[in-house]
file entry_6.cif (mmCIF, C-alpha atoms)
data_final
loop_
_atom_site.label_atom_id
_atom_site.label_comp_id
_atom_site.auth_asym_id
_atom_site.auth_seq_id
_atom_site.Cartn_x
_atom_site.Cartn_y
_atom_site.Cartn_z
CA MET A 1 5.58 -59.14 -30.43
CA ALA A 2 3.99 -55.81 -31.38
CA GLU A 3 3.76 -54.94 -27.67
CA ILE A 4 7.54 -55.42 -27.29
CA ILE A 5 8.22 -53.14 -30.24
CA ASP A 6 5.79 -50.58 -28.78
CA ASP A 7 7.58 -50.83 -25.43
CA GLU A 8 10.97 -50.29 -27.04
CA LEU A 9 9.60 -47.25 -28.88
CA LEU A 10 8.16 -45.83 -25.64
CA ILE A 11 11.46 -46.40 -23.85
CA GLU A 12 13.37 -44.65 -26.63
CA GLN A 13 10.93 -41.72 -26.63
CA PHE A 14 11.30 -41.42 -22.85
CA ARG A 15 15.09 -41.48 -23.11
CA ARG A 16 14.89 -38.61 -25.60
CA GLY A 17 12.98 -36.54 -23.03
CA ASP A 18 9.33 -37.26 -23.88
CA GLU A 19 7.84 -37.82 -20.41
CA SER A 20 4.41 -38.52 -21.93
CA ALA A 21 5.91 -41.84 -23.09
CA PHE A 22 6.25 -42.82 -19.44
CA GLU A 23 2.59 -41.92 -18.85
CA ARG A 24 1.69 -44.39 -21.61
CA ILE A 25 3.85 -47.05 -19.90
CA ILE A 26 1.93 -46.43 -16.68
CA GLU A 27 -1.39 -46.68 -18.51
CA ARG A 28 -0.31 -49.96 -20.11
CA TYR A 29 1.11 -51.69 -17.03
CA SER A 30 -0.40 -50.12 -13.89
CA ALA A 31 -3.23 -52.68 -13.65
CA ASP A 32 -0.83 -55.64 -13.95
CA VAL A 33 1.63 -54.14 -11.46
CA ALA A 34 -1.14 -53.31 -8.96
CA ALA A 35 -2.65 -56.80 -9.29
CA LEU A 36 0.71 -58.43 -8.63
CA ALA A 37 1.41 -56.13 -5.66
CA ASN A 38 -2.04 -56.87 -4.22
CA ARG A 39 -1.47 -60.61 -4.50
CA LEU A 40 1.95 -60.42 -2.92
CA LEU A 41 1.13 -58.02 -0.12
CA GLY A 42 -2.33 -59.23 0.82
CA TRP A 43 -3.07 -55.76 2.21
CA PRO A 44 -5.06 -53.83 -0.43
CA GLY A 45 -4.69 -50.56 1.47
CA GLU A 46 -0.95 -50.54 0.81
CA VAL A 47 -1.13 -51.42 -2.88
CA GLU A 48 -1.65 -47.88 -4.14
CA ASP A 49 1.35 -46.54 -2.21
CA VAL A 50 3.58 -49.43 -3.29
CA THR A 51 2.44 -49.07 -6.92
CA GLN A 52 3.47 -45.42 -6.83
CA GLU A 53 6.86 -46.41 -5.40
CA ILE A 54 7.24 -48.99 -8.18
CA PHE A 55 6.57 -46.49 -10.96
CA LEU A 56 8.80 -43.89 -9.30
CA ALA A 57 11.62 -46.46 -9.25
CA ALA A 58 10.87 -47.31 -12.89
CA PHE A 59 10.88 -43.62 -13.84
CA LEU A 60 14.26 -43.12 -12.17
CA GLY A 61 15.74 -46.31 -13.64
CA LEU A 62 14.26 -46.44 -17.13
CA LYS A 63 17.14 -44.57 -18.76
CA LYS A 64 19.49 -47.33 -17.55
CA PHE A 65 17.14 -50.18 -18.60
CA ARG A 66 19.12 -52.43 -20.98
CA CYS A 67 16.14 -54.19 -22.63
CA GLU A 68 17.55 -57.63 -21.78
CA CYS A 69 14.05 -58.67 -20.77
CA SER A 70 10.60 -57.33 -21.53
CA LEU A 71 9.48 -54.09 -19.94
CA LYS A 72 6.73 -56.03 -18.14
CA SER A 73 9.28 -58.45 -16.64
CA TRP A 74 11.43 -55.54 -15.51
CA LEU A 75 8.43 -53.84 -13.88
CA PHE A 76 7.46 -57.14 -12.20
CA THR A 77 11.02 -57.45 -10.84
CA ILE A 78 10.73 -53.97 -9.34
CA THR A 79 7.30 -54.94 -7.97
CA ILE A 80 8.66 -58.07 -6.27
CA ASN A 81 11.50 -56.08 -4.68
CA LYS A 82 9.26 -53.22 -3.49
CA CYS A 83 6.75 -55.72 -2.04
CA ARG A 84 9.55 -57.55 -0.21
CA THR A 85 10.73 -54.25 1.26
CA ASN A 86 7.18 -53.30 2.21
CA ARG A 87 6.51 -56.66 3.90
CA TYR A 88 9.78 -56.37 5.83
CA LYS A 89 8.93 -52.85 7.01
CA ARG A 90 5.44 -54.04 8.03
CA TRP A 91 7.00 -56.94 9.95
CA LEU A 92 9.32 -54.53 11.77
CA ARG A 93 6.38 -52.27 12.68
CA LEU A 94 4.33 -55.22 13.96
CA ARG A 95 7.28 -56.47 15.95
CA ARG A 96 7.80 -53.06 17.53
CA PHE A 97 4.08 -52.70 18.33
CA SER A 98 3.97 -56.25 19.63
CA LYS A 99 6.67 -55.43 22.16
CA GLU A 100 4.75 -52.32 23.24
CA PHE A 101 1.52 -54.31 23.63
CA ASP A 102 3.32 -56.96 25.65
CA LYS A 103 4.48 -54.26 28.09
CA VAL A 104 0.88 -53.22 28.82
CA GLY A 105 -0.55 -56.72 28.78
CA LEU A 106 -2.59 -56.48 25.55
CA PRO A 107 -2.71 -59.28 22.98
CA SER A 108 0.21 -59.27 20.60
CA ALA A 109 -0.47 -57.57 17.26
CA CYS A 110 1.49 -60.35 15.60
CA GLU A 111 -0.94 -62.95 16.98
CA GLU A 112 -4.01 -61.21 15.61
CA HIS A 113 -4.95 -62.42 12.14
CA VAL A 114 -6.88 -59.76 10.27
CA ILE A 115 -8.46 -60.87 7.03
CA ASP A 116 -9.78 -58.28 4.59
CA ALA A 117 -12.79 -58.98 2.41
CA ASP A 118 -10.43 -59.60 -0.54
CA GLN A 119 -8.73 -62.36 1.46
CA SER A 120 -11.91 -64.16 2.42
CA SER A 121 -11.52 -67.02 -0.04
CA ARG A 122 -9.60 -70.07 1.12
CA VAL A 123 -7.28 -69.99 -1.87
CA ARG A 124 -6.23 -66.41 -1.39
CA ARG A 125 -5.72 -66.94 2.33
CA ALA A 126 -3.72 -70.12 1.81
CA VAL A 127 -1.47 -68.47 -0.77
CA SER A 128 -0.98 -65.38 1.36
CA GLU A 129 0.16 -67.54 4.28
CA LEU A 130 2.93 -69.14 2.26
CA PRO A 131 6.44 -67.88 2.99
CA ALA A 132 7.50 -65.25 0.45
CA LYS A 133 9.93 -67.57 -1.32
CA TYR A 134 6.98 -69.87 -2.17
CA ARG A 135 4.23 -67.26 -2.51
CA GLU A 136 6.06 -65.20 -5.13
CA PRO A 137 6.53 -68.07 -7.62
CA VAL A 138 2.93 -69.27 -7.08
CA VAL A 139 1.51 -65.81 -7.72
CA LEU A 140 3.65 -65.26 -10.80
CA ARG A 141 2.98 -68.72 -12.26
CA TYR A 142 -0.66 -69.40 -11.47
CA LEU A 143 -2.20 -65.97 -10.97
CA GLN A 144 -0.12 -63.84 -13.35
CA GLU A 145 0.29 -66.83 -15.72
CA LEU A 146 3.94 -66.14 -16.55
CA GLY A 147 6.27 -68.72 -18.03
CA THR A 148 9.04 -70.35 -16.04
CA ASP A 149 11.83 -68.58 -17.95
CA GLU A 150 10.33 -65.18 -17.19
CA ILE A 151 9.67 -66.03 -13.54
CA SER A 152 13.25 -67.24 -13.11
CA ARG A 153 14.54 -63.92 -14.47
CA ILE A 154 12.16 -61.85 -12.33
CA LEU A 155 13.05 -63.67 -9.11
CA GLY A 156 16.73 -64.09 -9.99
CA ILE A 157 16.68 -67.87 -9.43
CA SER A 158 17.42 -70.88 -11.63
CA LYS A 159 14.60 -72.79 -13.31
CA ASN A 160 15.42 -75.81 -11.13
CA THR A 161 15.06 -73.72 -7.98
CA LEU A 162 11.79 -72.34 -9.33
CA HIS A 163 10.42 -75.86 -9.92
CA VAL A 164 11.44 -76.94 -6.42
CA ARG A 165 9.75 -73.91 -4.87
CA LEU A 166 6.57 -74.46 -6.88
CA SER A 167 6.51 -78.12 -5.87
CA ARG A 168 7.01 -77.30 -2.19
CA ALA A 169 4.37 -74.59 -2.38
CA ARG A 170 1.85 -77.05 -3.86
CA LYS A 171 2.61 -79.51 -1.05
CA ARG A 172 2.04 -76.79 1.55
CA LEU A 173 -1.21 -75.71 -0.11
CA GLU A 174 -2.59 -79.22 -0.53
CA PRO A 175 -3.91 -79.71 3.05
CA GLU A 176 -5.52 -76.26 3.06
CA LEU A 177 -7.16 -76.62 -0.34
CA ALA A 178 -7.87 -80.38 -0.43
CA GLY A 179 -11.63 -79.83 -0.10
CA LEU A 180 -11.67 -77.59 -3.16
CA ILE A 181 -10.18 -80.20 -5.48
CA GLU A 182 -12.53 -82.86 -6.79
CA ARG A 183 -10.90 -86.21 -7.36
#
call {"tool": "encode", "arguments": {"input": "entry_6.cif", "output": "structure tokens"}}
result
Amino acid sequence: MAEIIDDELLIEQFRRGDESAFERIIERYSADVAALANRLLGWPGEVEDVTQEIFLAAFLGLKKFRCECSLKSWLFTITINKCRTNRYKRWLRLRRFSKEFDKVGLPSACEEHVIDADQSSRVRRAVSELPAKYREPVVLRYLQELGTDEISRILGISKNTLHVRLSRARKRLEPELAGLIER
């Protein structure tokens, strides 16, 4: 509760022109935002750039923030949207390069599966291979440990839709992770 009051105070200070208040917001939330972006993107090299884009968007939008949710939820919503945009742009680039490789007879870039050291664990790999509509709720629920109400607000979906997506994600993960679960 004290954190919410602190956030509201920082927002008010920022709105009055104190840009150092935004620096304190960055200090407070940059690790959480970067961790979420890393889990959603699966490409650690892009996380720093996306995190900067997230905080730039927050800086530009904070004066219009209506405080209908927590500052952290709002930042996570921006993070989800920026990661979606980033993944789409990456997909477009891979598609374009894939067509170029096909012309010269090289293997398709889309067919190559590059796994960074951070993605070496089976769990991380399995989660990263989920479609975005399942990966996002799994990351927010089980890795960020957010509640269902907050996740529903961040993703802009109903709680029923969230529960369905989590259930379907668990079913998709089960064959990949069956050996990790002791019965």
call {"tool": "residues_around", "arguments": {"input": "entry_6.cif", "residues": "Glu27 in chain A", "least_positions_apart": "6", "cutoff": "12 Å", "atoms": "all atoms listed in the file", "output": "list of chain:residue names"}}
result
A:Leu10, A:Ser20, A:Ala21, A:Val33, A:Ala34, A:Phe55
call {"tool": "write_last_selection", "arguments": {"input": "entry_6.cif", "atoms": "C-alpha atoms", "output": "JSON list (two decimals), keeping the file's coordinate frame"}}
result
[["chain", "number", "residue", "atom", "x", "y", "z"],
["A", 10, "LEU", "CA", 8.16, -45.83, -25.64],
["A", 20, "SER", "CA", 4.41, -38.52, -21.93],
["A", 21, "ALA", "CA", 5.91, -41.84, -23.09],
["A", 33, "VAL", "CA", 1.63, -54.14, -11.46],
["A", 34, "ALA", "CA", -1.14, -53.31, -8.96],
["A", 55, "PHE", "CA", 6.57, -46.49, -10.96]]
call {"tool": "atom_distance", "arguments": {"input": "entry_6.cif", "atom1": "CA of Arg170 in chain A", "atom2": "CA of Ala35 in chain A"}}
result
21.4 Å
call {"tool": "resolve_selection", "arguments": {"input": "entry_6.cif", "expression": "the PyMOL selection byres ((chain A and resi 68) around 12)", "output": "MDAnalysis selection string"}}
result
chainID A and resid 4 8 64:67 69:74 150 153:154
call {"tool": "resolve_selection", "arguments": {"input": "entry_6.cif", "expression": "the PyMOL selection byres ((chain A and resi 80) around 9)", "output": "list in words"}}
result
Leu36, Ala37, Leu40, Leu75, Phe76, Thr77, Ile78, Thr79, Asn81, Lys82, Cys83, Arg84, Thr85, Glu136, Ile154 and Leu155 of chain A
call {"tool": "closest_residue", "arguments": {"input": "entry_6.cif", "among": "A:Lys171, A:Arg141, A:Arg135, A:Arg165", "to": "Leu41 in chain A", "atoms": "all atoms listed in the file"}}
result
A:Arg135
call {"tool": "atom_distance", "arguments": {"input": "entry_6.cif", "atom1": "CA of Ile11 in chain A", "atom2": "CA of Gly147 in chain A"}}
result
23.6 Å
call {"tool": "closest_residue", "arguments": {"input": "entry_6.cif", "among": "A:Arg87, A:Lys63, A:Arg39, A:Arg28", "to": "Arg16 in chain A", "atoms": "all atoms listed in the file"}}
result
A:Lys63
call {"tool": "atom_distance", "arguments": {"input": "entry_6.cif", "atom1": "CA of Asp6 in chain A", "atom2": "CA of Arg24 in chain A"}}
result
10.3 Å
